[in-house]
$ cat coords26.txt   # compact mmCIF, C-alpha atoms
# COMPACT_ATOMS: atom_id res chain seq x y z
CA MET A 1 0.00 0.00 0.00
CA MET A 2 1.30 3.45 -0.87
CA CYS A 3 1.96 6.08 1.79
CA SER A 4 -1.31 8.02 1.98
CA ASP A 5 0.35 11.43 1.78
CA ARG A 6 2.22 10.54 -1.42
CA GLU A 7 -0.70 10.00 -3.80
CA ALA A 8 -0.44 13.28 -5.70
CA GLN A 9 3.35 13.11 -5.84
CA LEU A 10 3.42 9.56 -7.15
CA ASN A 11 0.79 10.35 -9.78
CA GLU A 12 2.77 13.39 -10.94
CA TYR A 13 5.92 11.26 -10.91
CA VAL A 14 4.27 8.72 -13.21
CA ASP A 15 3.01 11.54 -15.45
CA GLY A 16 6.50 13.03 -15.62
CA THR A 17 5.30 16.43 -14.44
CA LEU A 18 7.47 16.81 -11.33
CA ALA A 19 10.35 19.27 -11.25
CA THR A 20 13.83 17.74 -11.12
CA GLY A 21 14.29 18.26 -7.37
CA ALA A 22 10.92 16.82 -6.43
CA ARG A 23 11.52 13.90 -8.76
CA ALA A 24 14.81 13.08 -7.04
CA LEU A 25 13.08 13.16 -3.64
CA VAL A 26 10.43 10.73 -4.85
CA GLU A 27 13.08 8.39 -6.22
CA THR A 28 14.87 8.44 -2.88
CA HIS A 29 11.60 7.53 -1.17
CA LEU A 30 10.85 4.79 -3.69
CA ALA A 31 14.20 3.18 -3.00
CA GLN A 32 13.07 2.69 0.61
CA CYS A 33 9.33 2.03 0.28
CA ALA A 34 8.04 -1.18 -1.32
CA GLY A 35 4.39 -0.06 -1.05
CA CYS A 36 5.00 3.09 -3.08
CA ARG A 37 7.10 1.19 -5.62
CA GLU A 38 4.21 -1.21 -6.10
CA ALA A 39 1.78 1.71 -6.43
CA VAL A 40 3.98 3.33 -9.09
CA ALA A 41 4.09 0.05 -11.03
CA GLU A 42 0.28 -0.21 -10.86
CA LEU A 43 -0.17 3.41 -11.92
CA ARG A 44 2.15 2.90 -14.90
CA ALA A 45 0.29 -0.24 -15.92
CA LEU A 46 -3.02 1.64 -15.64
CA VAL A 47 -1.81 4.59 -17.71
CA ASP A 48 -0.36 2.24 -20.34
CA GLY A 49 -3.63 0.29 -20.37
CA ALA A 50 -5.65 3.47 -20.90
CA ARG A 51 -3.38 4.55 -23.76
CA GLY A 52 -3.80 1.11 -25.31
CA LEU A 53 -7.60 1.16 -25.39
CA PRO A 54 -9.13 1.10 -28.88
CA ARG A 55 -9.37 4.60 -30.31
CA THR A 56 -12.56 3.81 -32.14
CA ILE A 57 -15.81 2.05 -31.25
CA GLU A 58 -18.35 1.75 -34.02
CA PRO A 59 -21.90 2.58 -32.89
CA ALA A 60 -24.35 -0.33 -33.18
CA SER A 61 -26.94 1.93 -34.78
CA GLU A 62 -26.70 3.76 -38.08
CA LEU A 63 -26.52 7.39 -36.98
CA TRP A 64 -26.03 9.14 -40.32
CA ALA A 65 -29.72 9.12 -41.26
CA GLY A 66 -30.55 11.17 -38.18
CA ILE A 67 -27.71 13.59 -38.86
CA ALA A 68 -28.65 13.97 -42.53
CA GLY A 69 -32.22 14.63 -41.49
CA ARG A 70 -31.10 17.45 -39.23
CA ILE A 71 -28.65 19.14 -41.56
CA GLY A 72 -30.82 19.13 -44.64
CA LYS A 73 -32.63 16.93 -47.07
CA ARG A 74 -31.07 13.56 -47.60
CA GLU A 75 -29.92 13.13 -51.17
CA THR A 76 -31.96 10.84 -53.35
CA GLY A 77 -30.40 7.51 -54.17
CA LYS A 78 -29.21 6.92 -50.65
CA GLY A 79 -32.40 5.31 -49.53
CA LYS A 80 -31.34 1.77 -50.25
CA ARG A 81 -28.04 2.05 -48.43
CA TRP A 82 -29.70 3.75 -45.46
CA TRP A 83 -32.46 1.16 -45.44
CA GLY A 84 -29.87 -1.62 -45.43
CA GLY A 85 -28.17 0.03 -42.47
CA ALA A 86 -31.44 0.32 -40.61
CA LEU A 87 -32.16 -3.38 -41.09
CA ALA A 88 -28.66 -4.23 -39.97
CA ALA A 89 -29.08 -2.09 -36.87
CA ALA A 90 -32.31 -3.83 -35.96
CA ALA A 91 -30.71 -7.22 -36.46
CA THR A 92 -27.74 -6.13 -34.35
CA LEU A 93 -30.07 -5.25 -31.50
CA VAL A 94 -31.55 -8.75 -31.48
CA ILE A 95 -28.14 -10.40 -31.75
CA GLY A 96 -26.73 -8.02 -29.15
CA PHE A 97 -29.57 -8.90 -26.85
CA ALA A 98 -28.85 -12.60 -27.22
CA ILE A 99 -25.16 -12.05 -26.51
CA TYR A 100 -25.91 -9.79 -23.58
CA ARG A 101 -28.01 -12.52 -21.98
CA LEU A 102 -24.94 -14.73 -21.98
CA LEU A 103 -22.71 -12.18 -20.29
CA PRO A 104 -21.92 -12.38 -16.59
CA SER A 105 -23.64 -9.92 -14.32
CA SER A 106 -21.96 -6.55 -14.12
CA THR A 107 -21.46 -3.87 -11.56
CA ALA A 108 -24.23 -1.99 -13.32
CA HIS A 109 -26.78 -4.47 -12.06
CA ASP A 110 -25.42 -4.31 -8.54
CA ARG A 111 -25.74 -0.56 -8.56
CA ARG A 112 -29.24 -0.78 -9.97
CA GLU A 113 -30.14 -2.98 -7.10
CA GLY A 114 -28.75 -0.32 -4.75
CA ARG A 115 -31.01 2.32 -6.28
CA GLY A 116 -34.03 0.27 -5.52
CA TRP A 117 -35.32 -2.40 -7.83
CA VAL A 118 -38.80 -0.97 -7.95
CA ALA A 119 -37.45 2.45 -9.01
CA VAL A 120 -35.31 0.89 -11.72
CA GLN A 121 -38.25 -1.02 -13.17
CA ALA A 122 -40.30 2.17 -13.08
CA ASP A 123 -37.50 4.02 -14.96
CA TYR A 124 -37.50 1.49 -17.76
CA ALA A 125 -41.28 1.37 -17.94
CA ARG A 126 -41.57 5.16 -18.07
CA ALA A 127 -38.91 5.45 -20.78
CA ALA A 128 -40.57 2.72 -22.83
CA ASP A 129 -44.01 4.33 -22.41
CA GLU A 130 -42.73 7.75 -23.49
CA LEU A 131 -41.03 6.30 -26.56
CA THR A 132 -44.04 4.17 -27.45
CA ALA A 133 -46.25 7.27 -27.33
CA ALA A 134 -43.76 9.25 -29.45
CA LEU A 135 -43.49 6.42 -31.95
CA ALA A 136 -47.26 6.07 -32.23
CA THR A 137 -47.52 9.53 -33.80
CA GLU A 138 -44.70 8.87 -36.29
CA ARG A 139 -45.33 5.21 -37.01
CA HIS A 140 -46.97 5.93 -40.37
CA ARG A 141 -43.63 7.20 -41.69
CA LEU A 142 -42.05 3.77 -41.33
CA ARG A 143 -42.14 1.26 -44.14
CA PRO A 144 -44.34 -1.80 -43.54
CA GLU A 145 -41.23 -4.02 -43.53
CA THR A 146 -39.73 -1.88 -40.79
CA VAL A 147 -42.90 -2.05 -38.72
CA ALA A 148 -42.98 -5.84 -39.13
CA LEU A 149 -39.34 -6.15 -38.10
CA LEU A 150 -39.86 -3.81 -35.19
CA GLU A 151 -42.85 -5.77 -33.93
CA HIS A 152 -41.00 -9.06 -34.33
CA ASN A 153 -38.01 -7.75 -32.35
CA LEU A 154 -40.24 -6.27 -29.66
CA GLY A 155 -41.95 -9.66 -29.42
CA VAL A 156 -38.62 -11.41 -28.85
CA ILE A 157 -37.66 -8.92 -26.17
CA ASP A 158 -41.10 -9.00 -24.52
CA ALA A 159 -40.90 -12.80 -24.32
CA ALA A 160 -37.52 -12.54 -22.63
CA MET A 161 -38.88 -9.96 -20.18
CA ARG A 162 -41.86 -12.20 -19.39
CA GLU A 163 -39.55 -15.15 -18.72
CA SER A 164 -37.35 -13.05 -16.44
CA ARG A 165 -40.40 -11.62 -14.65
CA ASP A 166 -41.85 -15.09 -14.08
CA ALA A 167 -38.51 -16.34 -12.77
CA LEU A 168 -38.25 -13.28 -10.51
CA ALA A 169 -41.72 -14.01 -9.13
CA ARG A 170 -40.33 -17.35 -7.93
CA ASP A 171 -37.01 -15.89 -6.73
CA PRO A 172 -37.51 -12.14 -6.10
CA GLY A 173 -34.06 -11.40 -4.68
CA ASN A 174 -32.03 -13.04 -7.46
CA VAL A 175 -29.58 -10.40 -8.72
CA GLU A 176 -28.74 -12.37 -11.88
CA LEU A 177 -32.41 -12.50 -12.85
CA ARG A 178 -32.75 -8.80 -12.18
CA GLY A 179 -29.77 -8.24 -14.46
CA LEU A 180 -31.41 -10.28 -17.22
CA PHE A 181 -34.64 -8.38 -16.85
CA ALA A 182 -32.83 -5.04 -16.88
CA ALA A 183 -30.85 -6.03 -19.99
CA ALA A 184 -34.04 -6.96 -21.84
CA ALA A 185 -35.80 -3.80 -20.69
CA ARG A 186 -32.89 -1.71 -21.86
CA GLN A 187 -32.88 -3.41 -25.26
CA ARG A 188 -36.59 -2.65 -25.53
CA VAL A 189 -36.01 1.04 -24.84
CA GLU A 190 -33.11 1.16 -27.29
CA LEU A 191 -35.13 -0.50 -30.02
CA LEU A 192 -38.03 1.91 -29.50
CA ARG A 193 -35.65 4.82 -29.49
CA TRP A 194 -34.04 3.65 -32.71
CA ALA A 195 -37.45 3.23 -34.37
CA THR A 196 -38.53 6.69 -33.25
CA ARG A 197 -35.33 8.18 -34.61
CA VAL A 198 -35.72 6.42 -37.95
CA ALA A 199 -39.37 7.48 -38.19
CA THR A 200 -38.70 11.12 -37.40
CA SER A 201 -35.79 11.32 -39.84
CA SER A 202 -37.72 9.71 -42.71
CA MET B 203 -9.49 5.29 -53.57
CA GLN B 204 -9.79 7.41 -50.41
CA ALA B 205 -10.66 11.04 -51.01
CA ASP B 206 -8.27 13.76 -49.94
CA PRO B 207 -9.43 14.98 -46.49
CA SER B 208 -8.70 18.63 -47.28
CA ASP B 209 -10.75 18.33 -50.48
CA LEU B 210 -13.61 16.73 -48.51
CA ILE B 211 -13.47 19.49 -45.91
CA GLN B 212 -13.49 22.19 -48.56
CA ARG B 213 -16.43 20.59 -50.35
CA ALA B 214 -18.31 20.12 -47.09
CA GLN B 215 -17.69 23.78 -46.24
CA GLN B 216 -19.37 24.65 -49.52
CA GLY B 217 -22.45 22.65 -48.50
CA ASP B 218 -21.65 19.28 -50.11
CA GLN B 219 -23.45 16.83 -47.87
CA ALA B 220 -21.89 13.77 -49.55
CA ALA B 221 -18.45 15.10 -48.66
CA PHE B 222 -19.59 15.64 -45.10
CA GLU B 223 -20.92 12.09 -44.97
CA ALA B 224 -17.48 10.86 -46.03
CA LEU B 225 -15.97 12.86 -43.16
CA TYR B 226 -18.59 11.37 -40.83
CA ARG B 227 -17.70 7.82 -41.96
CA ALA B 228 -14.03 8.51 -41.37
CA HIS B 229 -14.48 9.90 -37.87
CA VAL B 230 -17.65 8.44 -36.35
CA GLY B 231 -15.87 5.60 -34.57
CA ARG B 232 -13.54 7.95 -32.76
CA VAL B 233 -16.28 10.48 -31.94
CA TYR B 234 -18.63 7.76 -30.67
CA ALA B 235 -15.87 6.15 -28.57
CA LEU B 236 -15.23 9.52 -26.96
CA CYS B 237 -18.93 10.12 -26.27
CA LEU B 238 -19.45 6.59 -24.95
CA ARG B 239 -16.48 6.69 -22.61
CA LEU B 240 -17.36 10.14 -21.33
CA THR B 241 -21.00 9.27 -20.62
CA ALA B 242 -20.92 5.47 -20.07
CA ASP B 243 -24.37 5.49 -21.65
CA VAL B 244 -25.00 3.98 -25.09
CA VAL B 245 -28.19 5.87 -25.89
CA ARG B 246 -26.78 9.19 -24.71
CA ALA B 247 -23.54 8.55 -26.62
CA GLU B 248 -25.48 7.99 -29.84
CA ASP B 249 -27.44 11.20 -29.34
CA LEU B 250 -24.30 13.17 -28.54
CA THR B 251 -22.47 11.73 -31.55
CA GLN B 252 -25.27 13.00 -33.76
CA ASP B 253 -25.26 16.36 -31.98
CA ALA B 254 -21.50 16.64 -32.47
CA PHE B 255 -21.71 16.07 -36.22
CA VAL B 256 -24.64 18.44 -36.60
CA ARG B 257 -22.66 21.06 -34.66
CA ALA B 258 -19.60 20.35 -36.82
CA TRP B 259 -21.69 20.91 -39.96
CA GLU B 260 -22.99 24.20 -38.58
CA ARG B 261 -19.51 25.38 -37.65
CA LEU B 262 -17.53 24.07 -40.59
CA ALA B 263 -17.06 27.59 -41.89
CA SER B 264 -15.08 28.43 -38.75
CA PHE B 265 -12.58 25.64 -39.43
CA ARG B 266 -9.52 27.35 -40.92
CA GLY B 267 -7.14 24.43 -40.97
CA GLU B 268 -4.99 25.81 -38.17
CA SER B 269 -5.16 22.40 -36.49
CA ALA B 270 -5.95 18.98 -37.90
CA PHE B 271 -9.62 18.51 -38.73
CA SER B 272 -9.70 15.51 -36.37
CA SER B 273 -8.40 17.61 -33.44
CA TRP B 274 -10.96 20.32 -34.18
CA LEU B 275 -13.76 17.74 -34.39
CA TYR B 276 -12.82 15.90 -31.18
CA ARG B 277 -12.51 19.15 -29.25
CA LEU B 278 -15.91 20.22 -30.54
CA THR B 279 -17.26 16.80 -29.49
CA VAL B 280 -15.96 17.26 -25.94
CA ASN B 281 -17.67 20.67 -25.85
CA VAL B 282 -20.93 19.15 -27.05
CA VAL B 283 -20.72 16.37 -24.46
CA PHE B 284 -20.09 18.75 -21.59
CA LEU B 285 -22.76 21.21 -22.65
CA GLY B 286 -25.18 18.33 -23.01
CA GLU B 287 -24.21 16.66 -19.77
CA ARG B 288 -24.49 19.89 -17.81
CA ALA B 289 -27.96 20.51 -19.16
CA SER B 290 -28.85 16.91 -18.55
CA ARG B 291 -27.68 16.98 -14.93
CA ARG B 292 -29.50 20.24 -14.34
CA ARG B 293 -32.70 18.66 -15.53
CA ALA B 294 -31.84 15.48 -13.63
CA ARG B 295 -33.59 13.57 -16.32
CA ARG B 296 -31.10 10.86 -17.10
CA VAL B 297 -33.12 7.70 -17.28
CA PHE B 298 -30.07 5.44 -17.26
CA THR B 299 -27.07 6.38 -15.22
CA THR B 300 -25.44 3.03 -15.49
CA ASP B 301 -22.88 1.70 -17.91
CA ASP B 302 -23.50 -0.81 -20.66
CA PRO B 303 -20.55 -3.21 -20.62
CA ALA B 304 -21.94 -5.08 -23.63
CA ALA B 305 -21.49 -2.01 -25.80
CA LEU B 306 -18.02 -1.34 -24.50
CA GLU B 307 -17.05 -4.90 -25.29
CA ARG B 308 -17.70 -4.37 -29.00
CA PRO B 309 -14.18 -4.28 -30.43
CA GLY B 310 -13.27 -1.13 -32.28
CA GLU B 311 -11.02 -0.88 -35.27
CA GLY B 312 -7.68 -2.46 -34.62
CA SER B 313 -8.56 -3.44 -31.09
CA GLY B 314 -7.90 -6.73 -29.44
CA THR B 315 -10.34 -8.55 -27.22
CA ALA B 316 -7.98 -9.01 -24.32
CA GLY B 317 -9.74 -9.46 -20.99
CA GLY B 318 -7.64 -6.69 -19.45
CA ARG B 319 -9.06 -4.11 -21.84
CA VAL B 320 -12.60 -5.24 -21.17
CA ASP B 321 -12.00 -5.09 -17.42
CA LEU B 322 -10.56 -1.61 -17.75
CA GLU B 323 -13.45 -0.41 -19.94
CA ARG B 324 -15.95 -1.74 -17.42
CA ALA B 325 -14.09 -0.18 -14.50
CA VAL B 326 -13.86 3.19 -16.28
CA ALA B 327 -17.59 3.08 -17.06
CA ALA B 328 -18.33 2.45 -13.39
CA LEU B 329 -16.38 5.53 -12.18
CA PRO B 330 -18.25 8.55 -10.79
CA PRO B 331 -18.90 10.98 -13.68
CA GLY B 332 -16.37 13.68 -12.74
CA ALA B 333 -13.54 11.22 -12.22
CA ARG B 334 -14.46 9.27 -15.36
CA GLU B 335 -14.52 12.37 -17.55
CA VAL B 336 -11.10 13.57 -16.46
CA PHE B 337 -9.59 10.07 -16.69
CA VAL B 338 -10.90 9.60 -20.24
CA LEU B 339 -9.72 13.03 -21.37
CA HIS B 340 -6.29 12.79 -19.71
CA ASP B 341 -5.25 9.16 -19.80
CA VAL B 342 -7.19 7.86 -22.80
CA GLU B 343 -7.36 10.93 -25.04
CA GLY B 344 -4.12 12.58 -23.98
CA TYR B 345 -5.39 16.04 -23.08
CA ARG B 346 -3.37 18.00 -20.49
CA HIS B 347 -4.85 19.36 -17.30
CA HIS B 348 -4.95 22.98 -18.51
CA GLU B 349 -6.76 21.84 -21.68
CA ILE B 350 -9.24 19.81 -19.62
CA ALA B 351 -9.81 22.84 -17.41
CA GLU B 352 -10.48 24.96 -20.48
CA LEU B 353 -12.79 22.38 -22.06
CA THR B 354 -14.80 21.50 -18.99
CA GLY B 355 -14.74 24.67 -16.93
CA ILE B 356 -13.14 23.09 -13.87
CA ALA B 357 -9.95 24.29 -12.20
CA VAL B 358 -6.61 22.66 -13.03
CA GLY B 359 -6.33 21.51 -9.41
CA THR B 360 -9.76 19.90 -9.61
CA SER B 361 -8.78 18.14 -12.81
CA LYS B 362 -5.72 16.68 -11.10
CA ALA B 363 -7.68 15.68 -8.01
CA GLN B 364 -10.30 13.92 -10.15
CA LEU B 365 -7.61 12.12 -12.14
CA PHE B 366 -5.85 10.85 -9.02
CA ARG B 367 -9.19 9.78 -7.56
CA ALA B 368 -10.10 7.96 -10.77
CA ARG B 369 -6.77 6.13 -10.84
CA ARG B 370 -7.15 5.16 -7.16
CA LEU B 371 -10.65 3.78 -7.76
CA LEU B 372 -9.54 1.96 -10.90
CA ARG B 373 -6.56 0.35 -9.14
CA GLU B 374 -8.91 -0.82 -6.41
CA ALA B 375 -11.46 -2.14 -8.90
CA LEU B 376 -8.90 -3.92 -11.06
CA SER B 377 -7.11 -5.53 -8.11
CA LYS B 378 -10.30 -7.30 -6.96

$ encode --input "coords26.txt" --output "structure tokens"
Amino acid sequence: MMCSDREAQLNEYVDGTLATGARALVETHLAQCAGCREAVAELRALVDGARGLPRTIEPASELWAGIAGRIGKRETGKGKRWWGGALAAAATLVIGFAIYRLLPSSTAHDRREGRGWVAVQADYARAADELTAALATERHRLRPETVALLEHNLGVIDAAMRESRDALARDPGNVELRGLFAAAARQRVELLRWATRVATSS
Amino acid sequence: MQADPSDLIQRAQQGDQAAFEALYRAHVGRVYALCLRLTADVVRAEDLTQDAFVRAWERLASFRGESAFSSWLYRLTVNVVFLGERASRRRARRVFTTDDPAALERPGEGSGTAGGRVDLERAVAALPPGAREVFVLHDVEGYRHHEIAELTGIAVGTSKAQLFRARRLLREALSK
């Protein structure tokens, strides 16, 4: 464990922002203190790890259509490509949902539990209700194929939510089940949000 | 063949939306990664990515080529994120304040799938917002404390304190 009064100094040492004199003092201390040496090694590994993170992450949804809709009329001839992207995004949501169900529980679920499970469920329900209402007014702008795909995907997600809810009724305190339910609920909100965005940018 | 970026910028400045779309395709991964790491919220990150590109379109005329277009765009993105987040916190309307590890596990271009990176992404997403923002800007994006202070409106000392706090929390989380 590092000496508690050395945190700022050791961080600045790792960042290379200490003046020469202060740097020499830290090095003298490090020669005598195993805890601070260990902390410096961990800090360096952390900084290197952060620098090594991927610089890019591709969004799961096709965002250009929404941008094009806001900056002006979308050029003709792009419909097919955009439509293909929209289908791919919808498919990704379903696949992503399936993958997410297989993932181990995360800290996110633990924190949700801390906020109060009832409040979390209410958050998801409110968000879904708001989006459903918004989508209802714009639904006519969507192509019939999109509506069919949307309803199919919502059906898959609703089935998963029902299964999780039934399992939770039998085991109300199960954090893993709550995580599954929350993941499905989140996918539902994201799918509705995507559909609303596509409808309003059409 | 890839189009010349300066030609694309010039055409986009003249209102050519196809050229701007090409710029979007070239930079969306980096802009989205920045938004996602700063907010730890997939839906919010998508909205902010769109906001950033709309803002970039509106302000393209002010880009004079004094810095790289990418630097200009990422700086503008940080501004958009912080303006948006401030407004969002004021309204206290964030429906989801939690991270989405599944999204962060999607590999980006040229990335590996090493467990260490995934663990670090998850741990960063779980940080308190202030600490997370400074950590992402300083240690991931390479901004200096005075630049972070300028971009976010916090003091240099606060930026340092948040960075050290973030690193402490991350070391604790990753050692478990």

$ interface_residues --input "coords26.txt" --of "chain A" --to "chain B" --cutoff "6 Å" --atoms "all atoms listed in the file" --output "ChimeraX atom specification"
/A:50-51,54-58,67,108

$ atom_distance --input "coords26.txt" --atom1 "atom CA of A:Leu180" --atom2 "atom CA of B:Pro331"
24.9 Å

$ residues_around --input "coords26.txt" --residues "B:Thr354" --least-positions-apart "2" --cutoff "8 Å" --atoms "all atoms listed in the file" --output "PyMOL selection string"
chain B and resi 281+284+350-352+356

$ atom_distance --input "coords26.txt" --atom1 "atom CA of A:Thr20" --atom2 "atom CA of A:Arg6"
16.8 Å

$ atom_distance --input "coords26.txt" --atom1 "atom CA of A:Ala65" --atom2 "atom CA of A:Ile157"
24.8 Å
